[in-house]
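The block underneath contains the structure these notes are about, expressed in structure tokens.
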Amino acid sequence: MGSGVPLLNEYKEEFFWKRFPQTLLGGPKFKLGYDAPVYVYLNQLVIFLLPWVVGGIFTLLIELGVMDFSVGCYVYGPLMALFVMLTQAISLFVQKKRSANVINPQNVLAEDDEIDFMSCCGVETIEFVVPVKKFKINIILHALVSGPMCALGLWYLLPATLNALYNSNIGATVILYILGWLTLCIAQYPLTVGAPPEPASFRTLDTYEILPLMRPFYVFVFVAFDLLARHFTEFVTANVYLHILFIFLPLLWTLGVLPPLDALFPWMFERILVDLLGGSPMASDLRLILMLLASVSVYLAAYFISNNLVTVTVLATAGYLLSTDLGSLGSRLLEMCRKDNNPKTDFSILNKKKSNFFIVWSFKELHLIVTILVGGIAAVINYFSTQISTDVSTILGYVIIGLLVIQNMLGDIQSVYVFFGFWRNKLYPSSIQRSTIFQRGKGRLRIVGNIRRILLDWVSPTVMLVYLSLRITTFPATSATLAWTVFGATRAFRWIWQSTPQALLEISIVHILSIAFPSDALLQSTDVATQLLLVSLCRDRFAQFCNKIYFYITVLFTSWNDKKQRHKTTAPTILLSILFFPVVICVITAASVLSAPLLPIFTLPIFLIGFPRPLRSWPAAVGASANTNPDTVYYQQLAVQLAEPLRTAFASGSLGDPVPGSHYLIRYQDRTVWILVLERGCRYVTISVKGLELQETSCHTVEAARIDDVFETAFEHENGVPCCTFNKYPLTVLTPYDATVVKAYSDARNVLTGIIDSPESLALVASSFIKALVWVMLHHNVKSKKDKLHNIGNSPVRPASVRSKKMSSIRAPSGVKKRNQTASAKKASEHVTEVHINQSWESFRSDSILSRKQSRAKSLHSSIASIPDSIWSDDNESLALEPMGRNKQNKVNLVTGVTNRQNWSSKSKEDSAYFSPLKETVHHKSVNQGFSIPGSVLDNYSDDEKGIFDDDLFGLPAVDINKPATSQQHPVFSKAQPKHGFKPVTNLAGSMQFSSPYSSTLSLPLKWREIPVEQSKLDTLLSKFPKDWYQHVLTLLDLEAVGKSSADVASELMTDEVLMGIYAQLVMACYAVVNVLGIIGSDVVSMGPSHVYKVYTGDIPWSPALDWLTDDKELHQLVIKAYRYAFKLMLDQVLLGEASSNEELQEYFEEYENDLYIGCENDAGWGQAIRDGKPSLFSLMHDPIKGTYNSRVLTLQDTTLQIGKLNSEVVRGQWANLSLELLYFTNDDEERYSIQAHPTILRNMTVQAADPPLGYPIYSSPPMSLPTL
């Protein structure tokens, strides 16, 4: 960090010295940082000392015999409760009474936090001295806590009480009395005013004002021991020492050693569950409470059952059941009860369906069967234990020792380092670069792992079960001894399944002690269950002690050895650490005994005891929050892929013993994965996966480089591994363990300079765009209308005679007779056309049409449906697909003809012959604007009714193509014209004379036919339309219909030149909007790569016709998709060779469609494609600083990931320091570690891996249960 870098900047240092007196004294603000009137300090002093003053009066009266101590306590307590309520009531009343219209004079020259006090009892003074509590109920609650605490404190600190404890030692009595009352005032002040800043902060916000209760709670704990000592002599000695410790409570609160209540109870529950009942730390508070209740129930059952055989059977059976993954079982059963078919996550149990989860849990995982077997074995062995020779238990003890040695050896053989991470394992593959050789070497080690798995999962627990059933046969009669024996037995029978490797070690130690000291009186007087309980506690705390010593030595050594870590205080700190080394050892020992983190202040070699907290270190639910960004999706995909390799590695033992609280680190390319072990039980491990940011800062780069070096020296030995190869980084917190192959995305970025700016490439993009449009449009239409295409063969064909009758009925003059004929024709029309449009009519109607016009429009349903003139007309299909809304821009003309069409100009005889059918069809249906239908059905409606058609642009009048158009114009159509945002110059919305019955189904939506491109412009582009490619794509589509194969349908569609023509018009219109109309005076080649990049990202150059494209989101997305396909096709052809045939083009496009996502990184589809496991993803990027265009290709492939294990105490210590530094010192500078990269303890990465808001991982998974069976 450098010798000149301050630990706190000047402002934060001043802020700290303001907070420190508040922490020390419980809340009074005696240091404000600015001049304040004396009465501000006096008011606080009065509130602080008033309990002592009043308590001193009652103490004097009691000591003089004027008042009995019980009377004094009963009077003093209510007085203090009334004092708290009265103080808060005055503050609340004064602040509410202040009128909102009164403006307090403000000193504009004052600092932001400076208050301008006006008077001793002014509103601003009362607000400052006695802030109102957030919840009014807390006024009463805190008063009710304050009264009993002060009353019991008065009794606790009476001189008579102190004299009785310390044999009338006046000096001890005076000191304890004065300092004791000071402690009591410090604990009472938060109840009256508010909680002070606490170094021991577990949550960032005290939402429910629980923090003021922390200090009174510890006072109650000391008082409770005093009350016990008055009735039970066993607690007298403890009470003597606790009175001395009581006066040091302010120091413990100031140092942050005592945990807040929201951390105390989870920690306490966790320690009871693990240390006394043999359980595992749990992934959530709810799981912890439920598991604790279940375990306590088993303990109570064993305690009160008098029959030894039944007790052993219950303990053995319940021990196995409680060691299984009951948390995930309960979660799944709860989901089944809720009928939740879409759970938020699939991480609970991998590869199991909810419908048969209980069956899988019971039988496939053998839990139900094993439970029965365990109970039977324990009962049988215990029943015949008196008849079995003691030599059998001795032999079993040696077998357990042998199993311990064998399973440790088999586990170490599979890791890259042996002997505590110092010596390179020669049996491990020398290099991971050659995947085949590495997999072959791992295959041999996998055999070793399978042997270890059998020994650890089945053989070892069974042997230990028999051993315990032989040794634990009776229980003592005395209640005190019985309680500890039952604790030991409960833990032992469960621990052999919950944590088998550690149980092997503990039973081995007990057996060795019994063999080594056969006549030791202490061992002989202590039963085996109690011995196992004590050994397990010693084993756990010794392991923590060793890890903490390693942490201390590492920080101390690197603070001087690493020049960047040297500070001006480093040399004095090292000297003091050497001089006071016994004190340091005591601090480390105390932290180990409490199972609390060792806290390095500012990660300097100055260590304190961090307050005890749950092993997962953070209060929020696991995976509840993360600083998500677009890179989060990569870790979401990777977390699922990691489940299987981690499951195998944990089961085989190649990652060591995954005890709860272990941390693993995985790194490859620019990604860093942090894994935290939450639970561990019988054949399962529960973990949480975190992902660190991909965009690394300079400090992260330093630590990432060290990680890469550590992994490289461990796994990369191309020329083989010499015999004596040691770890070059023994003090680094990270120890490499194993490597595994995972399906993950590799990231390749390439600069496209010389390709994207080449004129040939730009021209190739333009030509490929047309072919991509054909591919995309045809495939899209087939997918959207596939069901209708398959049903065409079952649809009845309307006879021409029926249509003629309908058309004649529409043209009939007005009159009663003609109206009757029209009515008859309407009924016939409804009957004949119901197959085509009745089903879609409801979707056709728009909510924006007035209900009055809606009801009247229904009567015209059949007349509208009867307008199409061609047998294979596509109007009804279009009617069924296109909705109608109030927005004029989205309204469509159902049957209107094409107006004011210009004659098409053909570029060649082939083009003329190709597009002539479409020209003739449109020309045949051309409608003069003066056309009228005398006596039509519209003549029978009022102007208001006719407004239905006018307002909603139905595209009437209907046109009889067999009758020449007249120049007469019906009045209902003369007053309204379409008000689109564009002018549909080329309108193909009329009925098409398709030659195939399948063409209408593949016809284009009406909105796509209103092409706002001048026909002359289209004529110049139509020659570019690839007819052979269009016909080739048709042969690739799934066009199978009833009675016809897909090839037969495609051959018919290829002969329908009208259908080909409308596709040609649409494709070239889209091409013109993208590459022609918006770049007037230039061309796509001259526009350069900027035009390509803009269109690729969806930014099409503006032109009057652009609204037509962008208003229809579906069409716009298809055009952008086609352009992206075209760009990728250009790039592939430049790099891999030009596609010389339609078949090669087909291969490219099929790959794009099925195996490749082409888009932008900020697209929603990009993240979804990664989550879905798309084989490849492609993106085009632009670097505005360098002025370069880059491509990014993500490829899902087998990737070798290197896994290392972090020292758990180093991580917990840094997280404890982070909490202190941010929540108390408020050192919230975002770059607080930018110059403090610590490559040995990985400080920056550890900080980032903390839970938000203190850390900032971009991904955090919920608990993932990995079965290791």
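Chains: A, B, ... in order of the structure tokens. Residues: from 1 per chain. Ligands: from 1, in order shown.
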| Which residues come within 10 Å of Phe726 of chain A, counting only C-alpha atoms, excluding same-chain residues fewer than 4 positions away, as number ranges by chain? | A: 417-418, 421-425, 713-714, 722, 730
| said: If DSSP is run on the backbone, what residues of segment 231-461 of chain A are helix (DSSP H, G or I)? A reply as a PyMOL selection string would be ideal. | reply: chain A and resi 231+233-246+249-255+261-276+285-304+308-323+326-338+354-364+367-383+390-413+435-461
| request: Tell me which of A:Gly402, A:Gly656, A:Gly681, A:Gly147 sits closest to Gly319 of chain A, counting only C-alpha atoms. | output: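 Using only C-alpha atoms, the shortest distance to Gly319 of chain A belongs to A:Gly681.
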Env of Val1073 of chain A: 10 Å cut, atoms = only C-alpha atoms, seq-sep filter 6 positions within chain, self excluded. Answer as a PDB file with C-alpha atoms, in the first residue's frame.
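Output saved as part_0.pdb:
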```
ATOM      1  CA  PRO A1012     -43.721   2.695 -49.741  1.00  0.00           C
ATOM      2  CA  VAL A1013     -41.212   2.437 -52.580  1.00  0.00           C
ATOM      3  CA  ILE A1079     -27.994   6.763 -48.593  1.00  0.00           C
ATOM      4  CA  ILE A1100     -31.031   1.754 -40.401  1.00  0.00           C
ATOM      5  CA  PRO A1101     -30.393   5.057 -42.234  1.00  0.00           C
ATOM      6  CA  TRP A1102     -33.472   7.244 -42.184  1.00  0.00           C
ATOM      7  CA  SER A1103     -35.678   7.615 -45.209  1.00  0.00           C
ATOM      8  CA  PRO A1104     -39.403   8.371 -45.641  1.00  0.00           C
ATOM      9  CA  ALA A1105     -39.993   4.656 -46.153  1.00  0.00           C
ATOM     10  CA  LEU A1106     -38.314   3.684 -42.862  1.00  0.00           C
ATOM     11  CA  ASP A1107     -41.565   4.117 -40.910  1.00  0.00           C
ATOM     12  CA  TRP A1108     -43.123   1.293 -42.893  1.00  0.00           C
ATOM     13  CA  LEU A1109     -40.347  -0.996 -41.698  1.00  0.00           C
TER      14      LEU A1109
END
```
| field | Shell around Ile210 of chain A at 10 Å using only C-alpha atoms, local window under 2 positions removed, as a PyMOL selection string | value | chain A and resi 138+142+195+206-208+212-214+260-262
Could you dump the residues just selected with C-alpha atoms as an mmCIF file, in the first residue's frame?
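Dumped everything to part.cif:
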```cif
data_model
loop_
_atom_site.group_PDB
_atom_site.id
_atom_site.type_symbol
_atom_site.label_atom_id
_atom_site.label_comp_id
_atom_site.auth_asym_id
_atom_site.auth_seq_id
_atom_site.Cartn_x
_atom_site.Cartn_y
_atom_site.Cartn_z
ATOM 1 C CA ASN A 138 -40.289 0.604 20.460
ATOM 2 C CA HIS A 142 -37.400 -0.197 25.248
ATOM 3 C CA ALA A 195 -28.130 2.956 19.507
ATOM 4 C CA ASP A 206 -31.066 -1.586 11.555
ATOM 5 C CA THR A 207 -34.556 -1.676 10.107
ATOM 6 C CA TYR A 208 -36.447 -2.718 13.238
ATOM 7 C CA PRO A 212 -30.387 -0.624 21.054
ATOM 8 C CA LEU A 213 -31.198 -3.973 22.713
ATOM 9 C CA MET A 214 -27.716 -5.432 22.168
ATOM 10 C CA PRO A 260 -25.145 -8.102 17.774
ATOM 11 C CA LEU A 261 -28.305 -10.047 18.447
ATOM 12 C CA ASP A 262 -29.024 -10.764 14.769
#
```
Close residues, Ser280 of chain A itself excluded, 10 Å, only C-alpha atoms, min 4 positions apart in chain, as a JSON list (two decimals) with N, CA, C and O atoms, in the first residue's frame:
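Result written to result_18.json:
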```json
[["chain", "number", "residue", "atom", "x", "y", "z"],
["A", 270, "GLU", "N", -26.05, -22.41, 15.43],
["A", 270, "GLU", "CA", -25.15, -23.18, 14.56],
["A", 270, "GLU", "C", -24.14, -23.96, 15.39],
["A", 270, "GLU", "O", -23.87, -25.13, 15.10],
["A", 271, "ARG", "N", -23.60, -23.33, 16.43],
["A", 271, "ARG", "CA", -22.62, -24.02, 17.27],
["A", 271, "ARG", "C", -23.27, -25.16, 18.05],
["A", 271, "ARG", "O", -22.66, -26.24, 18.21],
["A", 273, "LEU", "N", -25.87, -26.92, 17.10],
["A", 273, "LEU", "CA", -26.17, -27.96, 16.12],
["A", 273, "LEU", "C", -24.92, -28.72, 15.72],
["A", 273, "LEU", "O", -24.94, -29.96, 15.61],
["A", 274, "VAL", "N", -23.81, -28.02, 15.52],
["A", 274, "VAL", "CA", -22.58, -28.67, 15.02],
["A", 274, "VAL", "C", -21.80, -29.31, 16.16],
["A", 274, "VAL", "O", -21.42, -30.48, 16.09],
["A", 275, "ASP", "N", -21.54, -28.55, 17.23],
["A", 275, "ASP", "CA", -20.63, -29.02, 18.27],
["A", 275, "ASP", "C", -21.27, -30.01, 19.22],
["A", 275, "ASP", "O", -20.59, -30.92, 19.73],
["A", 288, "LEU", "N", -31.70, -23.79, 9.41],
["A", 288, "LEU", "CA", -30.98, -23.94, 10.67],
["A", 288, "LEU", "C", -31.94, -24.16, 11.83],
["A", 288, "LEU", "O", -31.74, -25.05, 12.66],
["A", 291, "MET", "N", -33.74, -27.63, 11.49],
["A", 291, "MET", "CA", -32.84, -28.74, 11.78],
["A", 291, "MET", "C", -32.48, -28.78, 13.26],
["A", 291, "MET", "O", -32.35, -29.86, 13.86],
["A", 322, "LEU", "N", -31.10, -37.55, 9.86],
["A", 322, "LEU", "CA", -30.81, -36.12, 9.98],
["A", 322, "LEU", "C", -29.57, -35.72, 9.22],
["A", 322, "LEU", "O", -29.38, -34.52, 8.92],
["A", 323, "SER", "N", -28.71, -36.68, 8.88],
["A", 323, "SER", "CA", -27.49, -36.33, 8.13],
["A", 323, "SER", "C", -27.74, -36.24, 6.63],
["A", 323, "SER", "O", -26.87, -35.80, 5.89],
["A", 495, "TRP", "N", -22.57, -38.12, 13.48],
["A", 495, "TRP", "CA", -21.35, -37.58, 12.86],
["A", 495, "TRP", "C", -20.70, -38.57, 11.92],
["A", 495, "TRP", "O", -20.02, -38.18, 10.97],
["A", 498, "GLN", "N", -22.62, -37.68, 8.87],
["A", 498, "GLN", "CA", -22.60, -36.27, 8.50],
["A", 498, "GLN", "C", -21.24, -35.85, 7.97],
["A", 498, "GLN", "O", -21.13, -35.13, 6.98],
["A", 499, "SER", "N", -20.18, -36.28, 8.62],
["A", 499, "SER", "CA", -18.81, -35.93, 8.20],
["A", 499, "SER", "C", -17.90, -37.12, 8.47],
["A", 499, "SER", "O", -17.19, -37.17, 9.49],
["A", 659, "VAL", "N", -15.48, -29.37, 3.84],
["A", 659, "VAL", "CA", -16.18, -29.03, 5.08],
["A", 659, "VAL", "C", -16.93, -27.71, 4.89],
["A", 659, "VAL", "O", -16.51, -26.85, 4.09],
["A", 660, "PRO", "N", -18.05, -27.52, 5.56],
["A", 660, "PRO", "CA", -18.77, -26.23, 5.44],
["A", 660, "PRO", "C", -17.87, -25.07, 5.82],
["A", 660, "PRO", "O", -17.11, -25.12, 6.79],
["A", 678, "LEU", "N", -21.68, -24.59, 1.75],
["A", 678, "LEU", "CA", -22.64, -24.18, 2.78],
["A", 678, "LEU", "C", -23.00, -25.32, 3.72],
["A", 678, "LEU", "O", -23.07, -25.12, 4.94],
["A", 679, "GLU", "N", -23.27, -26.48, 3.17],
["A", 679, "GLU", "CA", -23.66, -27.65, 3.96],
["A", 679, "GLU", "C", -22.88, -28.86, 3.47],
["A", 679, "GLU", "O", -22.42, -28.90, 2.33],
["A", 680, "ARG", "N", -22.79, -29.82, 4.38],
["A", 680, "ARG", "CA", -22.17, -31.09, 3.97],
["A", 680, "ARG", "C", -22.80, -32.19, 4.81],
["A", 680, "ARG", "O", -22.92, -32.05, 6.03],
["A", 681, "GLY", "N", -23.25, -33.25, 4.16],
["A", 681, "GLY", "CA", -23.90, -34.32, 4.89],
["A", 681, "GLY", "C", -23.67, -35.66, 4.23],
["A", 681, "GLY", "O", -22.71, -35.85, 3.47]]
```
| query | Suppose you want the space between atom CA of Ile186 of chain A and atom CA of Leu144 of chain A; what is it in Å? | reply |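 About the pair atom CA of Ile186 of chain A and atom CA of Leu144 of chain A: they are 17.1 Å apart.
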| query | Neighbours of segment 477-480 of chain A within 12 Å (only C-alpha atoms; same-chain residues fewer than 2 positions away dropped), as number ranges by chain? | reply | A: 234, 303-308, 474-475, 482-487
| said: Just want the 6 Å neighbourhood of Gly610 of chain A, counted on only C-alpha atoms, with same-chain residues fewer than 3 positions away dropped. Output as number ranges by chain. | reply: A: 257, 596-599
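Atom CA of Gln1133 of chain A is found 10.3 Å from atom CA of Val765 of chain A.
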| task | To one decimal in Å, tell me the separation between atom CA of Thr686 of chain A and atom CA of Met1264 of chain A. | result | 5.3 Å
